[in-house]
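Trainee: The following block contains the structure, expressed as structure tokens.
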Amino acid sequence: MNDGMLFIVSASVSHIYAAAMAAGSSEVAYHGFLFALPLFLCICLDYSDGRENLLRILKLIIVIVCIFFSIACIGQKRINAYIWWGSIDEPYYVKTEYSDIKALKGIKLSAHTREVYEVITKLIKENGTDKDTIWGYPHVKLFNVLSDNYNMDTFMPVVFYDVSADFYIEQETELLSSNLPDFIIWQDIPGVKEIHEDVFRDGKLLKQRDMETMLEKEISEKYILIGEIDSIKIYRHNQGQPIRYTYGISRLEYR
């Protein structure tokens with residue numbers, strides 16, 4: 001095997017591994033075979049060079065395989081277009097509704113997704129002002145966009161486990177402790193921290209755990225749970241302001 005072929009094979013294997021790790025599920029995303037499938041086809045065609053009958057058979061097999069993979073990929077994208085940690089896109093045929101939220105204009109949503117987006121956005125708008133800060137953890141900055149509020153007391157837009165170095169998480173934790181946000185949108189994703197620690201950090205604990213410990217203490221003492229939907233909880237910093245709207249909770253618990 002020459003150096004060029006070794007490089008392509010290594011790239012193919014690496015790309016499949018990267019796609020599997022970033023998929024947020026036990027399946028390998030279709031784009032993981034971006035290099036591997038063309039490489040396989042080229043090897044087949046190269047092997048058949050000079051063997052006319054074998055070449056015809058291989059071409060037919062390759063065409064059939066390509067058609068099959070194309071149909072399978074199209075079908076997968078229609079049923080489940082997007083999977084990421086904590087987020088699973090719903091099938092196209094249930095996306096029949098539109099939202100009144102400006103940032104979602106023209107985007108079809110399922111009834112459930114529309115409810116989640118509109119409820120959380122309403123919780124922010126009804127119980128806050130344009131000057132309030134919104135902080136999402138670990139990756140739900142979507143609601144800064146939906147509520148058209150980009151005020152931030154911290155410098156990291158996303159503190160997800162595989163994109164944030166320990167040094168910056170330590171800085172972020174310090175900033176948060178001295179500049180508590182008005183709203184905290186917290187999404188629980190069971191098992192994700194453990195997966196990232198095992199796969200990417202050789203078992204070393206994430207610095208986000210220290211951040212969580214600090215925030216959980218602050219939330220228990222200074223915040224009110226004003227809404228809960230799916231695995232997302234919405235907390236409001238208790239500064240004596242009235243709570244005009246709640247969702248998914250039986251009563252308010254003031255600290």
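Chain labels A, B, ... are given in the sequence in which chains occur in the structure tokens; within each chain residues are numbered consecutively from 1, and ligands are likewise numbered from 1 in the order shown.
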Running DSSP on the backbone, which parts of stretch 4-249 of chain A land in strand (DSSP E or B), as an MDAnalysis selection string?
Mentor: chainID A and resid 83:84 87:88 97 109 134:137 183:187 223:229 232:237 247
Trainee: Could you save the residues just selected, with N, CA and C atoms, as a PDB file, in the first residue's frame?
Mentor:
```
ATOM      1  N   ILE A  83     -29.908  14.528  14.699  1.00  0.00           N
ATOM      2  CA  ILE A  83     -29.733  13.988  16.052  1.00  0.00           C
ATOM      3  C   ILE A  83     -28.500  14.635  16.661  1.00  0.00           C
ATOM      4  N   TRP A  84     -28.657  15.174  17.843  1.00  0.00           N
ATOM      5  CA  TRP A  84     -27.513  15.662  18.598  1.00  0.00           C
ATOM      6  C   TRP A  84     -27.826  15.469  20.060  1.00  0.00           C
ATOM      7  N   SER A  87     -31.152  16.466  21.545  1.00  0.00           N
ATOM      8  CA  SER A  87     -32.051  16.981  20.513  1.00  0.00           C
ATOM      9  C   SER A  87     -32.242  15.930  19.426  1.00  0.00           C
ATOM     10  N   ILE A  88     -33.495  15.556  19.195  1.00  0.00           N
ATOM     11  CA  ILE A  88     -33.828  14.603  18.140  1.00  0.00           C
ATOM     12  C   ILE A  88     -34.913  15.221  17.274  1.00  0.00           C
ATOM     13  N   GLU A  97     -46.930  22.777  11.438  1.00  0.00           N
ATOM     14  CA  GLU A  97     -47.345  24.023  12.076  1.00  0.00           C
ATOM     15  C   GLU A  97     -46.250  25.089  11.979  1.00  0.00           C
ATOM     16  N   LEU A 109     -42.794  23.252  11.992  1.00  0.00           N
ATOM     17  CA  LEU A 109     -42.477  22.564  13.236  1.00  0.00           C
ATOM     18  C   LEU A 109     -43.568  21.559  13.560  1.00  0.00           C
ATOM     19  N   ILE A 134     -29.845  35.974  29.843  1.00  0.00           N
ATOM     20  CA  ILE A 134     -30.313  34.594  29.722  1.00  0.00           C
ATOM     21  C   ILE A 134     -29.094  33.703  29.548  1.00  0.00           C
ATOM     22  N   TRP A 135     -28.993  32.678  30.373  1.00  0.00           N
ATOM     23  CA  TRP A 135     -27.853  31.766  30.284  1.00  0.00           C
ATOM     24  C   TRP A 135     -28.363  30.339  30.183  1.00  0.00           C
ATOM     25  N   GLY A 136     -27.946  29.642  29.134  1.00  0.00           N
ATOM     26  CA  GLY A 136     -28.387  28.270  28.921  1.00  0.00           C
ATOM     27  C   GLY A 136     -27.281  27.264  29.171  1.00  0.00           C
ATOM     28  N   TYR A 137     -27.679  26.093  29.667  1.00  0.00           N
ATOM     29  CA  TYR A 137     -26.699  25.039  29.946  1.00  0.00           C
ATOM     30  C   TYR A 137     -27.284  23.671  29.616  1.00  0.00           C
ATOM     31  N   PHE A 183     -32.040  34.689  34.023  1.00  0.00           N
ATOM     32  CA  PHE A 183     -32.690  33.423  33.683  1.00  0.00           C
ATOM     33  C   PHE A 183     -31.631  32.346  33.464  1.00  0.00           C
ATOM     34  N   ILE A 184     -31.896  31.164  33.985  1.00  0.00           N
ATOM     35  CA  ILE A 184     -31.075  29.995  33.687  1.00  0.00           C
ATOM     36  C   ILE A 184     -31.972  28.955  33.028  1.00  0.00           C
ATOM     37  N   ILE A 185     -31.584  28.538  31.829  1.00  0.00           N
ATOM     38  CA  ILE A 185     -32.317  27.487  31.118  1.00  0.00           C
ATOM     39  C   ILE A 185     -31.443  26.243  31.160  1.00  0.00           C
ATOM     40  N   TRP A 186     -31.891  25.255  31.881  1.00  0.00           N
ATOM     41  CA  TRP A 186     -31.053  24.097  32.201  1.00  0.00           C
ATOM     42  C   TRP A 186     -31.663  22.845  31.575  1.00  0.00           C
ATOM     43  N   GLN A 187     -30.878  22.166  30.760  1.00  0.00           N
ATOM     44  CA  GLN A 187     -31.354  20.929  30.138  1.00  0.00           C
ATOM     45  C   GLN A 187     -30.583  19.742  30.691  1.00  0.00           C
ATOM     46  N   TYR A 223     -32.927  31.280  43.244  1.00  0.00           N
ATOM     47  CA  TYR A 223     -33.728  31.200  42.026  1.00  0.00           C
ATOM     48  C   TYR A 223     -35.079  30.538  42.276  1.00  0.00           C
ATOM     49  N   ILE A 224     -36.020  30.836  41.380  1.00  0.00           N
ATOM     50  CA  ILE A 224     -37.351  30.237  41.417  1.00  0.00           C
ATOM     51  C   ILE A 224     -37.534  29.417  40.145  1.00  0.00           C
ATOM     52  N   LEU A 225     -38.002  28.191  40.287  1.00  0.00           N
ATOM     53  CA  LEU A 225     -38.352  27.390  39.118  1.00  0.00           C
ATOM     54  C   LEU A 225     -39.699  27.885  38.594  1.00  0.00           C
ATOM     55  N   ILE A 226     -39.699  28.460  37.385  1.00  0.00           N
ATOM     56  CA  ILE A 226     -40.943  29.017  36.835  1.00  0.00           C
ATOM     57  C   ILE A 226     -41.521  28.164  35.711  1.00  0.00           C
ATOM     58  N   GLY A 227     -40.755  27.189  35.240  1.00  0.00           N
ATOM     59  CA  GLY A 227     -41.278  26.349  34.177  1.00  0.00           C
ATOM     60  C   GLY A 227     -40.452  25.101  33.965  1.00  0.00           C
ATOM     61  N   GLU A 228     -41.126  24.064  33.485  1.00  0.00           N
ATOM     62  CA  GLU A 228     -40.442  22.814  33.158  1.00  0.00           C
ATOM     63  C   GLU A 228     -41.180  22.146  32.012  1.00  0.00           C
ATOM     64  N   ILE A 229     -40.448  21.827  30.949  1.00  0.00           N
ATOM     65  CA  ILE A 229     -41.041  21.160  29.795  1.00  0.00           C
ATOM     66  C   ILE A 229     -39.993  20.245  29.178  1.00  0.00           C
ATOM     67  N   ILE A 232     -36.143  20.251  30.084  1.00  0.00           N
ATOM     68  CA  ILE A 232     -35.631  21.616  30.239  1.00  0.00           C
ATOM     69  C   ILE A 232     -36.325  22.306  31.411  1.00  0.00           C
ATOM     70  N   LYS A 233     -35.518  22.902  32.288  1.00  0.00           N
ATOM     71  CA  LYS A 233     -36.048  23.667  33.414  1.00  0.00           C
ATOM     72  C   LYS A 233     -35.656  25.132  33.252  1.00  0.00           C
ATOM     73  N   ILE A 234     -36.595  26.014  33.583  1.00  0.00           N
ATOM     74  CA  ILE A 234     -36.363  27.451  33.446  1.00  0.00           C
ATOM     75  C   ILE A 234     -36.435  28.077  34.831  1.00  0.00           C
ATOM     76  N   TYR A 235     -35.339  28.718  35.238  1.00  0.00           N
ATOM     77  CA  TYR A 235     -35.248  29.352  36.551  1.00  0.00           C
ATOM     78  C   TYR A 235     -35.172  30.869  36.394  1.00  0.00           C
ATOM     79  N   ARG A 236     -35.805  31.583  37.346  1.00  0.00           N
ATOM     80  CA  ARG A 236     -35.765  33.051  37.381  1.00  0.00           C
ATOM     81  C   ARG A 236     -35.069  33.496  38.651  1.00  0.00           C
ATOM     82  N   HIS A 237     -34.087  34.400  38.504  1.00  0.00           N
ATOM     83  CA  HIS A 237     -33.399  34.962  39.661  1.00  0.00           C
ATOM     84  C   HIS A 237     -34.415  35.715  40.512  1.00  0.00           C
ATOM     85  N   TYR A 247     -45.249  27.377  33.905  1.00  0.00           N
ATOM     86  CA  TYR A 247     -45.661  26.241  33.069  1.00  0.00           C
ATOM     87  C   TYR A 247     -45.073  24.946  33.638  1.00  0.00           C
TER      88      TYR A 247
END
```
Trainee: Might you pull out every residue within 12 Å of A:Leu175, with only C-alpha atoms counted and same-chain residues fewer than 6 positions away left off, and present them as a count of residues only?
Mentor: 11
Trainee: Name all residues at most 12 Å from stretch 202-210 of chain A (count only C-alpha atoms; drop same-chain ones fewer than 2 positions away) and give them as a VMD selection string.
Mentor: chain A and resid 137 to 138 158 to 174 177 192 to 200 212 to 217
Trainee: Fewer than 4 positions away in the same chain doesn't count, so skip those; otherwise give me all residues within 9 Å of A:Ile62, counting only C-alpha atoms, as JSON, numbers by chain.
Mentor: {"A": [41, 44, 57, 58, 66, 67]}
Trainee: Please tabulate, as CSV, the residues of stretch 87-109 of chain A that come within 12 Å of stretch 120-131 of chain A, each with its closest pair of atoms and the distance in Å to one decimal, counting only C-alpha atoms and ordering rows by chain, then residue number upward.
Mentor:
```
residue,atom,partner,partner_atom,distance
A:Ser99,CA,A:Thr121,CA,11.4
A:Asp100,CA,A:Thr121,CA,11.0
A:Ile101,CA,A:Thr121,CA,8.5
A:Lys102,CA,A:Thr121,CA,11.2
A:Ala103,CA,A:Thr121,CA,11.2
A:Leu104,CA,A:Thr121,CA,11.8
```
Trainee: Create the file for the chosen residues now, containing N, CA and C atoms and written as an mmCIF file, in the first residue's frame.
Mentor:
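Wrote it out as result.cif, contents follow:
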```
data_model
loop_
_atom_site.group_PDB
_atom_site.id
_atom_site.type_symbol
_atom_site.label_atom_id
_atom_site.label_comp_id
_atom_site.auth_asym_id
_atom_site.auth_seq_id
_atom_site.Cartn_x
_atom_site.Cartn_y
_atom_site.Cartn_z
ATOM 1 N N SER A 99 -44.836 28.838 13.837
ATOM 2 C CA SER A 99 -44.830 29.594 15.086
ATOM 3 C C SER A 99 -44.923 31.088 14.801
ATOM 4 N N ASP A 100 -45.464 31.819 15.769
ATOM 5 C CA ASP A 100 -45.530 33.279 15.661
ATOM 6 C C ASP A 100 -44.209 33.942 16.056
ATOM 7 N N ILE A 101 -43.260 33.160 16.551
ATOM 8 C CA ILE A 101 -41.961 33.712 16.932
ATOM 9 C C ILE A 101 -41.227 34.177 15.680
ATOM 10 N N LYS A 102 -40.739 35.405 15.719
ATOM 11 C CA LYS A 102 -40.125 36.018 14.534
ATOM 12 C C LYS A 102 -38.964 35.196 13.981
ATOM 13 N N ALA A 103 -38.115 34.690 14.854
ATOM 14 C CA ALA A 103 -36.929 33.952 14.415
ATOM 15 C C ALA A 103 -37.275 32.625 13.748
ATOM 16 N N LEU A 104 -38.506 32.154 13.922
ATOM 17 C CA LEU A 104 -38.929 30.879 13.335
ATOM 18 C C LEU A 104 -39.841 31.072 12.133
#
```
